[in-house]
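Peer 1: You'll find query-v5.pdb just under this line, and it carries PDB, C-alpha atoms.
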ATOM      1  CA  MET A   5       1.379  38.088 -19.459
ATOM      2  CA  LYS A   6       0.413  35.500 -22.087
ATOM      3  CA  THR A   7       3.845  35.797 -23.748
ATOM      4  CA  ILE A   8       5.597  35.239 -20.413
ATOM      5  CA  TYR A   9       3.429  32.197 -19.695
ATOM      6  CA  ILE A  10       4.214  30.649 -23.093
ATOM      7  CA  PHE A  11       7.929  31.276 -22.547
ATOM      8  CA  ILE A  12       7.851  29.612 -19.119
ATOM      9  CA  THR A  13       6.023  26.639 -20.601
ATOM     10  CA  PHE A  14       8.657  26.384 -23.337
ATOM     11  CA  LEU A  15      11.490  26.383 -20.798
ATOM     12  CA  PHE A  16       9.709  23.844 -18.619
ATOM     13  CA  VAL A  17       9.006  21.419 -21.467
ATOM     14  CA  THR A  18      12.467  21.867 -23.002
ATOM     15  CA  ALA A  19      14.203  21.073 -19.718
ATOM     16  CA  PHE A  20      11.952  18.062 -19.172
ATOM     17  CA  THR A  21      12.539  16.734 -22.710
ATOM     18  CA  GLU A  22      16.292  17.172 -22.507
ATOM     19  CA  ALA A  23      16.289  15.152 -19.309
ATOM     20  CA  GLN A  24      14.791  12.240 -21.245
ATOM     21  CA  GLN A  25      17.600  12.019 -23.820
ATOM     22  CA  LYS A  26      19.685   9.771 -21.574
ATOM     23  CA  PRO A  27      18.347   6.573 -19.968
ATOM     24  CA  ILE A  28      16.135   7.576 -17.074
ATOM     25  CA  HIS A  29      17.329   6.307 -13.693
ATOM     26  CA  LEU A  30      14.022   5.106 -12.328
ATOM     27  CA  ILE A  31      12.306   3.654  -9.280
ATOM     28  CA  ILE A  32       8.610   2.813  -9.549
ATOM     29  CA  ASP A  33       6.526   2.871  -6.373
ATOM     30  CA  ALA A  34       3.316   0.914  -6.949
ATOM     31  CA  ASP A  35       0.254  -0.274  -5.056
ATOM     32  CA  THR A  36       0.244  -3.194  -7.483
ATOM     33  CA  ALA A  37      -2.346  -5.317  -5.694
ATOM     34  CA  ASN A  38      -4.924  -2.559  -5.724
ATOM     35  CA  GLU A  39      -5.817  -2.525  -9.416
ATOM     36  CA  VAL A  40      -5.234  -3.922 -12.892
ATOM     37  CA  ASP A  41      -3.454  -1.061 -14.623
ATOM     38  CA  ASP A  42      -0.508  -1.200 -12.207
ATOM     39  CA  LEU A  43       0.522  -4.573 -13.636
ATOM     40  CA  PHE A  44       0.253  -3.273 -17.188
ATOM     41  CA  ALA A  45       2.355  -0.230 -16.274
ATOM     42  CA  LEU A  46       5.096  -2.307 -14.649
ATOM     43  CA  VAL A  47       5.289  -4.722 -17.572
ATOM     44  CA  ARG A  48       5.503  -1.727 -19.916
ATOM     45  CA  ALA A  49       8.399  -0.263 -17.951
ATOM     46  CA  ILE A  50      10.449  -3.452 -17.681
ATOM     47  CA  ASP A  51      12.797  -3.991 -20.646
ATOM     48  CA  GLU A  52      12.149  -0.419 -21.845
ATOM     49  CA  PRO A  53      15.427   0.953 -23.292
ATOM     50  CA  ALA A  54      14.586   4.494 -22.154
ATOM     51  CA  PHE A  55      14.710   3.339 -18.522
ATOM     52  CA  ASN A  56      17.413   2.232 -16.167
ATOM     53  CA  LEU A  57      14.891   0.598 -13.855
ATOM     54  CA  LEU A  58      16.643   0.284 -10.512
ATOM     55  CA  GLY A  59      13.776  -1.005  -8.446
ATOM     56  CA  ILE A  60      10.060  -1.424  -7.864
ATOM     57  CA  THR A  61       8.909  -0.534  -4.360
ATOM     58  CA  SER A  62       5.598  -1.667  -2.899
ATOM     59  CA  ALA A  63       2.948   0.763  -1.652
ATOM     60  CA  GLN A  64      -0.014   0.490   0.707
ATOM     61  CA  PHE A  65      -3.660   1.221  -0.194
ATOM     62  CA  HIS A  66      -5.550   0.941   3.075
ATOM     63  CA  THR A  67      -8.713   2.846   2.030
ATOM     64  CA  SER A  68      -9.880   0.232  -0.476
ATOM     65  CA  PRO A  69     -12.948  -1.753   0.661
ATOM     66  CA  GLN A  70     -10.976  -4.807  -0.409
ATOM     67  CA  ALA A  71      -7.963  -3.845   1.691
ATOM     68  CA  THR A  72      -6.497  -6.394   4.080
ATOM     69  CA  GLU A  73      -4.278  -5.599   7.041
ATOM     70  CA  ASN A  74      -1.222  -6.066   4.831
ATOM     71  CA  THR A  75      -1.856  -4.328   1.516
ATOM     72  CA  VAL A  76       1.838  -3.564   1.029
ATOM     73  CA  GLY A  77       2.563  -7.280   1.351
ATOM     74  CA  GLU A  78       0.027  -8.025  -1.356
ATOM     75  CA  SER A  79       1.640  -5.486  -3.672
ATOM     76  CA  GLN A  80       5.047  -6.930  -2.854
ATOM     77  CA  ALA A  81       3.940 -10.455  -3.764
ATOM     78  CA  ILE A  82       2.722  -9.390  -7.204
ATOM     79  CA  ASN A  83       5.881  -7.365  -7.824
ATOM     80  CA  GLU A  84       7.939 -10.446  -7.018
ATOM     81  CA  GLN A  85       5.826 -12.575  -9.340
ATOM     82  CA  ILE A  86       6.237 -10.146 -12.234
ATOM     83  CA  ILE A  87      10.010  -9.929 -11.814
ATOM     84  CA  LYS A  88      10.334 -13.705 -11.557
ATOM     85  CA  VAL A  89       8.223 -14.426 -14.632
ATOM     86  CA  MET A  90       9.978 -11.736 -16.676
ATOM     87  CA  ASN A  91      13.384 -12.933 -15.407
ATOM     88  CA  HIS A  92      14.822  -9.664 -14.129
ATOM     89  CA  PRO A  93      16.439 -10.508 -10.777
ATOM     90  CA  GLU A  94      18.610  -7.377 -11.038
ATOM     91  CA  ILE A  95      15.565  -5.156 -10.418
ATOM     92  CA  LYS A  96      15.364  -4.689  -6.658
ATOM     93  CA  LEU A  97      12.049  -5.014  -4.814
ATOM     94  CA  PRO A  98      12.247  -3.198  -1.458
ATOM     95  CA  LEU A  99       9.204  -3.525   0.789
ATOM     96  CA  GLY A 100       7.336  -0.281   1.457
ATOM     97  CA  SER A 101       5.491   0.997   4.496
ATOM     98  CA  ASN A 102       2.168  -0.653   5.323
ATOM     99  CA  VAL A 103       0.840   2.488   7.028
ATOM    100  CA  PRO A 104       0.517   6.135   5.934
ATOM    101  CA  LEU A 105       2.322   9.020   7.603
ATOM    102  CA  ALA A 106       1.244   9.753  11.157
ATOM    103  CA  SER A 107       2.290  13.399  10.771
ATOM    104  CA  MET A 108       3.814  15.691   8.157
ATOM    105  CA  THR A 109       7.127  15.710  10.004
ATOM    106  CA  THR A 110       7.517  12.032  10.879
ATOM    107  CA  PRO A 111       8.550   9.526   8.192
ATOM    108  CA  SER A 112       7.065   6.051   7.963
ATOM    109  CA  LEU A 113      10.366   4.354   7.301
ATOM    110  CA  SER A 114      10.749   1.141   5.347
ATOM    111  CA  GLU A 115      13.140  -0.750   3.108
ATOM    112  CA  ALA A 116      11.613   1.234   0.235
ATOM    113  CA  SER A 117      12.293   4.688   1.689
ATOM    114  CA  LYS A 118      15.863   3.693   2.584
ATOM    115  CA  PHE A 119      16.387   2.339  -0.947
ATOM    116  CA  ILE A 120      15.159   5.609  -2.448
ATOM    117  CA  ILE A 121      17.617   7.566  -0.302
ATOM    118  CA  GLU A 122      20.483   5.229  -1.185
ATOM    119  CA  LYS A 123      19.875   5.422  -4.929
ATOM    120  CA  ALA A 124      19.341   9.186  -4.872
ATOM    121  CA  HIS A 125      22.800   9.646  -3.395
ATOM    122  CA  GLU A 126      24.285   7.524  -6.191
ATOM    123  CA  MET A 127      23.304  10.135  -8.788
ATOM    124  CA  LYS A 128      26.313  11.925 -10.253
ATOM    125  CA  GLY A 129      26.656  15.536 -11.343
ATOM    126  CA  ASN A 130      23.371  16.862 -12.684
ATOM    127  CA  GLU A 131      21.750  13.417 -12.870
ATOM    128  CA  LYS A 132      18.400  12.958 -11.180
ATOM    129  CA  LEU A 133      16.657   9.876  -9.914
ATOM    130  CA  ASP A 134      13.121   9.737 -11.296
ATOM    131  CA  LEU A 135      10.557   8.401  -8.852
ATOM    132  CA  VAL A 136       7.252   7.249 -10.291
ATOM    133  CA  ILE A 137       4.436   7.041  -7.747
ATOM    134  CA  LEU A 138       1.507   4.926  -8.932
ATOM    135  CA  GLY A 139      -0.220   4.746  -5.546
ATOM    136  CA  SER A 140       0.139   6.402  -2.148
ATOM    137  CA  CYS A 141       3.007   8.849  -1.627
ATOM    138  CA  THR A 142       4.089   7.326   1.697
ATOM    139  CA  ASN A 143       7.453   5.864   0.694
ATOM    140  CA  VAL A 144       8.719   8.869  -1.260
ATOM    141  CA  ALA A 145       7.533  11.426   1.305
ATOM    142  CA  SER A 146       9.174   9.359   4.045
ATOM    143  CA  ALA A 147      12.475   9.342   2.171
ATOM    144  CA  ILE A 148      12.365  13.147   1.857
ATOM    145  CA  LEU A 149      11.471  13.622   5.526
ATOM    146  CA  GLU A 150      14.252  11.258   6.604
ATOM    147  CA  ASP A 151      16.889  12.839   4.362
ATOM    148  CA  PRO A 152      16.005  16.244   2.852
ATOM    149  CA  SER A 153      19.395  16.362   1.128
ATOM    150  CA  ILE A 154      17.996  14.096  -1.625
ATOM    151  CA  ILE A 155      15.543  16.786  -2.816
ATOM    152  CA  SER A 156      17.945  18.174  -5.413
ATOM    153  CA  LYS A 157      18.757  14.662  -6.622
ATOM    154  CA  ILE A 158      15.230  13.440  -7.398
ATOM    155  CA  ARG A 159      12.310  14.185  -9.676
ATOM    156  CA  VAL A 160       8.899  12.942  -8.548
ATOM    157  CA  ASN A 161       6.306  11.836 -11.112
ATOM    158  CA  TYR A 162       2.949  11.234  -9.447
ATOM    159  CA  LEU A 163      -0.335   9.687 -10.588
ATOM    160  CA  GLY A 164      -3.052  11.394  -8.561
ATOM    161  CA  PHE A 165      -5.588  14.212  -8.056
ATOM    162  CA  TRP A 166      -8.572  15.244 -10.070
ATOM    163  CA  HIS A 167      -7.799  18.570 -11.679
ATOM    164  CA  THR A 168      -9.661  21.332 -13.503
ATOM    165  CA  VAL A 169      -7.290  23.074 -15.906
ATOM    166  CA  LYS A 170      -9.415  26.169 -16.549
ATOM    167  CA  THR A 171      -9.497  27.179 -12.898
ATOM    168  CA  ASN A 172      -6.364  25.260 -11.818
ATOM    169  CA  THR A 173      -8.259  23.623  -8.971
ATOM    170  CA  TYR A 174      -7.240  20.333  -7.406
ATOM    171  CA  ASN A 175      -9.528  17.693  -5.935
ATOM    172  CA  LYS A 176      -7.527  15.549  -3.542
ATOM    173  CA  LYS A 177     -10.453  13.185  -2.961
ATOM    174  CA  GLU A 178      -8.910  10.803  -5.459
ATOM    175  CA  PHE A 179      -7.946   7.238  -4.532
ATOM    176  CA  ASN A 180      -4.165   7.543  -4.606
ATOM    177  CA  SER A 181      -4.191  10.904  -2.842
ATOM    178  CA  GLY A 182      -6.631   9.645  -0.222
ATOM    179  CA  ASN A 183      -4.410   6.762   0.829
ATOM    180  CA  ASP A 184      -1.927   9.201   2.357
ATOM    181  CA  PRO A 185      -3.070  12.846   2.145
ATOM    182  CA  LEU A 186      -0.333  13.973   4.539
ATOM    183  CA  ALA A 187       2.339  12.515   2.261
ATOM    184  CA  VAL A 188       0.782  14.291  -0.729
ATOM    185  CA  ASP A 189       1.021  17.611   1.105
ATOM    186  CA  VAL A 190       4.634  16.915   2.060
ATOM    187  CA  LEU A 191       5.503  16.644  -1.625
ATOM    188  CA  LEU A 192       3.483  19.699  -2.604
ATOM    189  CA  ASN A 193       5.004  21.775   0.190
ATOM    190  CA  THR A 194       8.616  20.755  -0.417
ATOM    191  CA  VAL A 195      10.301  23.782  -1.948
ATOM    192  CA  ASN A 196      12.718  22.986  -4.804
ATOM    193  CA  LEU A 197      11.325  19.483  -5.298
ATOM    194  CA  GLU A 198      10.769  18.833  -8.999
ATOM    195  CA  PHE A 199       7.232  17.468  -8.982
ATOM    196  CA  ASN A 200       5.141  16.427 -11.997
ATOM    197  CA  VAL A 201       1.585  15.137 -11.773
ATOM    198  CA  MET A 202      -0.302  12.952 -14.224
ATOM    199  CA  THR A 203      -3.795  13.725 -12.994
ATOM    200  CA  ALA A 204      -6.648  11.257 -12.953
ATOM    201  CA  THR A 205      -8.530  13.793 -15.052
ATOM    202  CA  THR A 206      -5.985  13.474 -17.861
ATOM    203  CA  SER A 207      -5.030   9.805 -17.555
ATOM    204  CA  GLN A 208      -8.654   8.631 -17.559
ATOM    205  CA  HIS A 209      -8.696   9.052 -21.343
ATOM    206  CA  LEU A 210      -6.299   6.152 -21.915
ATOM    207  CA  VAL A 211      -8.680   3.203 -22.119
ATOM    208  CA  PHE A 212      -7.899  -0.346 -23.268
ATOM    209  CA  LYS A 213     -10.550  -2.721 -24.587
ATOM    210  CA  LYS A 214     -10.904  -6.328 -23.480
ATOM    211  CA  LYS A 215     -11.166  -7.597 -27.044
ATOM    212  CA  THR A 216      -7.777  -6.021 -27.773
ATOM    213  CA  ILE A 217      -6.295  -7.528 -24.610
ATOM    214  CA  ASP A 218      -7.469 -11.009 -25.562
ATOM    215  CA  LYS A 219      -6.254 -10.654 -29.139
ATOM    216  CA  GLN A 220      -2.827  -9.425 -28.123
ATOM    217  CA  LEU A 221      -2.181 -11.459 -24.980
ATOM    218  CA  LYS A 222      -4.525 -14.370 -24.319
ATOM    219  CA  GLY A 223      -3.006 -17.825 -24.532
ATOM    220  CA  LYS A 224       0.501 -16.514 -25.218
ATOM    221  CA  GLY A 225       1.948 -17.634 -21.904
ATOM    222  CA  GLY A 226       4.125 -16.036 -19.261
ATOM    223  CA  ILE A 227       3.482 -12.475 -18.228
ATOM    224  CA  LYS A 228       0.921 -11.993 -20.995
ATOM    225  CA  ASP A 229      -1.423 -14.587 -19.523
ATOM    226  CA  ILE A 230      -0.891 -13.071 -16.073
ATOM    227  CA  LEU A 231      -2.137  -9.716 -17.382
ATOM    228  CA  VAL A 232      -5.213 -11.338 -18.937
ATOM    229  CA  ASP A 233      -5.963 -13.273 -15.749
ATOM    230  CA  ARG A 234      -5.668 -10.130 -13.633
ATOM    231  CA  TRP A 235      -8.209  -8.358 -15.841
ATOM    232  CA  ASP A 236     -10.582 -11.338 -15.736
ATOM    233  CA  THR A 237     -10.442 -12.022 -11.997
ATOM    234  CA  TYR A 238     -10.115  -8.594 -10.382
ATOM    235  CA  ASN A 239     -13.280  -7.337  -8.665
ATOM    236  CA  ARG A 240     -13.833  -3.809  -9.912
ATOM    237  CA  TRP A 241     -15.531  -2.558  -6.753
ATOM    238  CA  TRP A 242     -15.882   1.167  -7.534
ATOM    239  CA  THR A 243     -18.423   0.947 -10.357
ATOM    240  CA  LYS A 244     -21.377  -1.140 -11.506
ATOM    241  CA  LYS A 245     -21.001   0.110 -15.055
ATOM    242  CA  ASP A 246     -19.575  -2.263 -17.646
ATOM    243  CA  PRO A 247     -20.060  -5.421 -15.510
ATOM    244  CA  LYS A 248     -18.387  -7.581 -18.174
ATOM    245  CA  LYS A 249     -15.272  -5.392 -17.938
ATOM    246  CA  LYS A 250     -15.091  -4.726 -21.652
ATOM    247  CA  LYS A 251     -12.970  -1.619 -21.010
ATOM    248  CA  TRP A 252     -10.402  -0.529 -18.429
ATOM    249  CA  VAL A 253      -8.820   2.836 -17.736
ATOM    250  CA  MET A 254      -5.039   2.524 -17.870
ATOM    251  CA  TRP A 255      -4.283   5.374 -15.467
ATOM    252  CA  ASP A 256      -0.781   4.225 -14.578
ATOM    253  CA  VAL A 257       0.214   3.305 -18.122
ATOM    254  CA  ALA A 258      -0.434   6.914 -19.135
ATOM    255  CA  LEU A 259       2.299   8.167 -16.797
ATOM    256  CA  ILE A 260       4.801   5.524 -17.885
ATOM    257  CA  GLU A 261       4.171   6.290 -21.560
ATOM    258  CA  ALA A 262       4.513  10.030 -20.930
ATOM    259  CA  LEU A 263       7.961   9.466 -19.446
ATOM    260  CA  ILE A 264       9.073   7.244 -22.324
ATOM    261  CA  ASN A 265       7.543   9.428 -25.040
ATOM    262  CA  PRO A 266       7.167  13.005 -23.710
ATOM    263  CA  GLU A 267       5.891  14.094 -27.118
ATOM    264  CA  TYR A 268       2.706  12.095 -26.432
ATOM    265  CA  ALA A 269       1.684  14.321 -23.517
ATOM    266  CA  THR A 270       1.387  17.993 -22.644
ATOM    267  CA  ILE A 271       2.931  19.039 -19.354
ATOM    268  CA  THR A 272       2.033  22.517 -18.145
ATOM    269  CA  PRO A 273       3.667  24.538 -15.350
ATOM    270  CA  LEU A 274       0.954  25.470 -12.862
ATOM    271  CA  GLN A 275       0.685  26.716  -9.299
ATOM    272  CA  THR A 276       0.208  24.270  -6.450
ATOM    273  CA  PRO A 277      -3.184  24.076  -4.677
ATOM    274  CA  LYS A 278      -3.999  27.233  -2.731
ATOM    275  CA  GLU A 279      -3.711  25.449   0.627
ATOM    276  CA  ASN A 280      -0.140  24.363  -0.113
ATOM    277  CA  THR A 281       3.173  26.178  -0.374
ATOM    278  CA  LYS A 282       3.012  28.460  -3.394
ATOM    279  CA  ARG A 283       5.308  27.127  -6.098
ATOM    280  CA  THR A 284       5.248  25.811  -9.649
ATOM    281  CA  ILE A 285       4.774  22.135 -10.462
ATOM    282  CA  GLY A 286       4.246  20.296 -13.736
ATOM    283  CA  VAL A 287       0.739  19.084 -14.499
ATOM    284  CA  TYR A 288      -0.081  16.813 -17.427
ATOM    285  CA  THR A 289      -3.055  18.489 -19.060
ATOM    286  CA  ASP A 290      -3.430  16.432 -22.244
ATOM    287  CA  LEU A 291      -2.271  13.197 -23.847
ATOM    288  CA  ASP A 292      -2.303  11.414 -27.193
ATOM    289  CA  LYS A 293      -4.156   8.256 -26.224
ATOM    290  CA  LYS A 294      -3.865   6.609 -29.649
ATOM    291  CA  ALA A 295      -0.100   7.095 -29.800
ATOM    292  CA  MET A 296       0.292   5.831 -26.232
ATOM    293  CA  GLU A 297      -1.687   2.655 -26.864
ATOM    294  CA  LYS A 298       0.190   2.009 -30.108
ATOM    295  CA  ALA A 299       3.525   2.381 -28.288
ATOM    296  CA  PHE A 300       2.333   0.059 -25.526
ATOM    297  CA  TRP A 301       1.453  -2.762 -27.904
ATOM    298  CA  LYS A 302       4.611  -2.290 -29.948
ATOM    299  CA  HIS A 303       6.604  -2.893 -26.766
ATOM    300  CA  LEU A 304       4.483  -5.807 -25.527
ATOM    301  CA  ASN A 305       4.773  -7.580 -28.859
ATOM    302  CA  LYS A 306       8.544  -7.719 -28.362
ATOM    303  CA  LEU A 307       8.226  -9.623 -25.085
TER
END
Show me the file's structure as structure tokens.
Peer 2:
Amino acid sequence: MKTIYIFITFLFVTAFTEAQQKPIHLIIDADTANEVDDLFALVRAIDEPAFNLLGITSAQFHTSPQATENTVGESQAINEQIIKVMNHPEIKLPLGSNVPLASMTTPSLSEASKFIIEKAHEMKGNEKLDLVILGSCTNVASAILEDPSIISKIRVNYLGFWHTVKTNTYNKKEFNSGNDPLAVDVLLNTVNLEFNVMTATTSQHLVFKKKTIDKQLKGKGGIKDILVDRWDTYNRWWTKKDPKKKKWVMWDVALIEALINPEYATITPLQTPKENTKRTIGVYTDLDKKAMEKAFWKHLNKL
């Protein structure tokens, strides 16, 4: 049994690595206004040679105590600011849904879900469109519900869940998952959907320090000052620890770095949660935090 498991892991990782050898056709779906790390992840992805970044779609985050009635609009505004400052008008910014799914069979359609469908159908041959979800799964799940024919044309990379590797148990009471639990289950239940998860359990180990941020970015203008200002002004509502914000978990950066440098992370084929359709998905179970941070700063220093 152990030999079979190792062989399956080898095939899974080999296929995933081979897919990275060509520029990755990518759409990032982000609840950018919710946190700090989203901005860092987007800036890391823009101008990355490994990516053909087609668009950044905005996502809702209605469960935050700081949520307004238009969280998707807030995310959209920051996305637009980033693209303007970094001078990349070719990267499209479709507006996502401001509400989660009402049912597991009814899409919450938006410009974002339609854009995902459109770009998925532009893939040729064996190409796949990689979708990175850094927030709620609403837009991607809606695209699949609206047009199931895109399933074979996409690969979903999701930041969510708490996960215990030893027992392969999933805790869906995680922020991203909680903002649209129905959409999460749509993705888990969709047979033949290539679905990889960077869990909160794994990504929590990538931590940046404020002193490094200031040294690398402060006073250097443009997008770098925007990142510093976001760190300084954002109200970290979920914890009273570290009130001076000397450290910040870069959850979303971990997923972006894993896509750019798959050798910096371990992705393991595991079974879906017991309440979902039984199938195999990829779960990131480990990462090289030092290598990821080094790669991040190497890229940022070029901007």
Peer 1: Name the residues that the PyMOL selection byres ((chain A and resi 221) around 12) pulls out of this structure, and write them as a ChimeraX atom specification.
Peer 2: /A:44,214-220,222-235,301,304-307
Peer 1: So which residues touch region 153-168 of chain A within 8 Å, counting all atoms listed in the file, skipping near sequence neighbours fewer than 3 positions away, as an NGL selection string?
Peer 2: :A and (121 or 124-125 or 127 or 130-139 or 148 or 171-181 or 196-205 or 255-256 or 259)
Peer 1: Could you state which residues are captured by the PyMOL selection byres ((chain A and resi 296) around 8) in this file, as an mmCIF file with C-alpha atoms, in the frame of the given file?
Peer 2:
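The resulting file, part-v9.cif, is reproduced below:
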data_model
loop_
_atom_site.group_PDB
_atom_site.id
_atom_site.type_symbol
_atom_site.label_atom_id
_atom_site.label_comp_id
_atom_site.auth_asym_id
_atom_site.auth_seq_id
_atom_site.Cartn_x
_atom_site.Cartn_y
_atom_site.Cartn_z
ATOM 1 C CA LEU A 210 -6.299 6.152 -21.915
ATOM 2 C CA ALA A 258 -0.434 6.914 -19.135
ATOM 3 C CA GLU A 261 4.171 6.290 -21.560
ATOM 4 C CA ALA A 262 4.513 10.030 -20.930
ATOM 5 C CA TYR A 268 2.706 12.095 -26.432
ATOM 6 C CA ASP A 292 -2.303 11.414 -27.193
ATOM 7 C CA LYS A 293 -4.156 8.256 -26.224
ATOM 8 C CA LYS A 294 -3.865 6.609 -29.649
ATOM 9 C CA ALA A 295 -0.100 7.095 -29.800
ATOM 10 C CA GLU A 297 -1.687 2.655 -26.864
ATOM 11 C CA LYS A 298 0.190 2.009 -30.108
ATOM 12 C CA ALA A 299 3.525 2.381 -28.288
ATOM 13 C CA PHE A 300 2.333 0.059 -25.526
#
Peer 1: Output as a tab-separated table one row per residue of region 118-154 of chain A within 10 Å of region 186-191 of chain A: the closest atom pair and its distance in Å to one decimal place, counting all atoms listed in the file, sorted by chain and residue number ascending.
Peer 2:
residue	atom	partner	partner_atom	distance
A:Ser140	CA	A:Ala187	CA	7.9
A:Cys141	CA	A:Ala187	CA	5.4
A:Thr142	CA	A:Ala187	CA	5.5
A:Asn143	CA	A:Ala187	CA	8.5
A:Val144	CA	A:Ala187	CA	8.1
A:Ala145	CA	A:Ala187	CA	5.4
A:Ser146	CA	A:Ala187	CA	7.7
A:Ile148	CA	A:Leu191	CA	8.5
A:Leu149	CA	A:Val190	CA	8.3
Peer 1: Given the choices A:Thr284, A:Ser117, A:Ser112, A:Gln275, which gets closest to Val195 (chain A) if the distance is worked out from all atoms listed in the file?
Peer 2: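 With all atoms listed in the file as the atom set, the closest residue is A:Thr284.
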Peer 1: Hey, what comes out of the PyMOL selection byres ((chain A and resi 286) around 6) on this file? Could you write it as a list in words?
Peer 2: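 Checking the PyMOL selection byres ((chain A and resi 286) around 6) against this file, the residues are Asn200, Ile271, Thr272, Pro273, Ile285 and Val287 of chain A.
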Peer 1: Considering all atoms listed in the file, state which residue in the set A:Trp252, A:Thr194, A:Thr243, A:Asn38 is at the smallest distance from Phe212 (chain A).
Peer 2: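 Among A:Trp252, A:Thr194, A:Thr243, A:Asn38, it is A:Trp252 that comes nearest to Phe212 (chain A).
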Peer 1: Of the residues A:Met90, A:His29, A:Val211, A:Pro152, which is the one nearest to Glu126 (chain A), using all atoms listed in the file?
Peer 2: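 Between A:Met90, A:His29, A:Val211, A:Pro152, the residue approaching Glu126 (chain A) most closely is A:His29.
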Peer 1: To one decimal place, how far is CA of Glu78 (chain A) from CA of Thr61 (chain A) in Å?
Peer 2: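 Straight-line distance from CA of Glu78 (chain A) to CA of Thr61 (chain A) works out to 12.0 Å.
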Peer 1: Between A:Leu291, A:Ala49, A:Leu192, A:Val76, which has the minimum distance to Gln64 (chain A) (counting all atoms listed in the file)?
Peer 2: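 Between A:Leu291, A:Ala49, A:Leu192, A:Val76, the residue approaching Gln64 (chain A) most closely is A:Val76.
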Peer 1: Missing atoms in region 199-214 of chain A: can you complete it with N, CA and C atoms, as a compact mmCIF listing (two decimals), keeping the file's coordinate frame?
Peer 2:
# COMPACT_ATOMS: atom_id res chain seq x y z
N PHE A 199 8.43 18.27 -9.23
CA PHE A 199 7.23 17.47 -8.98
C PHE A 199 6.28 17.59 -10.17
N ASN A 200 6.05 16.47 -10.85
CA ASN A 200 5.14 16.43 -12.00
C ASN A 200 3.98 15.50 -11.70
N VAL A 201 2.78 15.90 -12.09
CA VAL A 201 1.58 15.14 -11.77
C VAL A 201 0.82 14.75 -13.04
N MET A 202 0.64 13.44 -13.22
CA MET A 202 -0.30 12.95 -14.22
C MET A 202 -1.64 12.81 -13.49
N THR A 203 -2.55 13.73 -13.74
CA THR A 203 -3.80 13.72 -12.99
C THR A 203 -4.72 12.60 -13.46
N ALA A 204 -5.63 12.23 -12.58
CA ALA A 204 -6.65 11.26 -12.95
C ALA A 204 -7.53 11.82 -14.06
N THR A 205 -7.71 13.13 -14.04
CA THR A 205 -8.53 13.79 -15.05
C THR A 205 -7.96 13.58 -16.45
N THR A 206 -6.64 13.65 -16.57
CA THR A 206 -5.98 13.47 -17.86
C THR A 206 -5.81 12.00 -18.21
N SER A 207 -5.35 11.20 -17.26
CA SER A 207 -5.03 9.80 -17.56
C SER A 207 -6.26 8.95 -17.81
N GLN A 208 -7.44 9.41 -17.37
CA GLN A 208 -8.65 8.63 -17.56
C GLN A 208 -9.00 8.40 -19.03
N HIS A 209 -8.38 9.17 -19.93
CA HIS A 209 -8.70 9.05 -21.34
C HIS A 209 -7.96 7.90 -22.03
N LEU A 210 -6.99 7.31 -21.35
CA LEU A 210 -6.30 6.15 -21.92
C LEU A 210 -7.05 4.89 -21.49
N VAL A 211 -7.81 4.34 -22.41
CA VAL A 211 -8.68 3.20 -22.12
C VAL A 211 -8.34 2.05 -23.06
N PHE A 212 -8.13 0.86 -22.47
CA PHE A 212 -7.90 -0.35 -23.27
C PHE A 212 -9.19 -1.17 -23.32
N LYS A 213 -9.38 -1.88 -24.41
CA LYS A 213 -10.55 -2.72 -24.59
C LYS A 213 -10.19 -4.19 -24.37
N LYS A 214 -11.14 -4.91 -23.77
CA LYS A 214 -10.90 -6.33 -23.48
C LYS A 214 -10.66 -7.14 -24.75
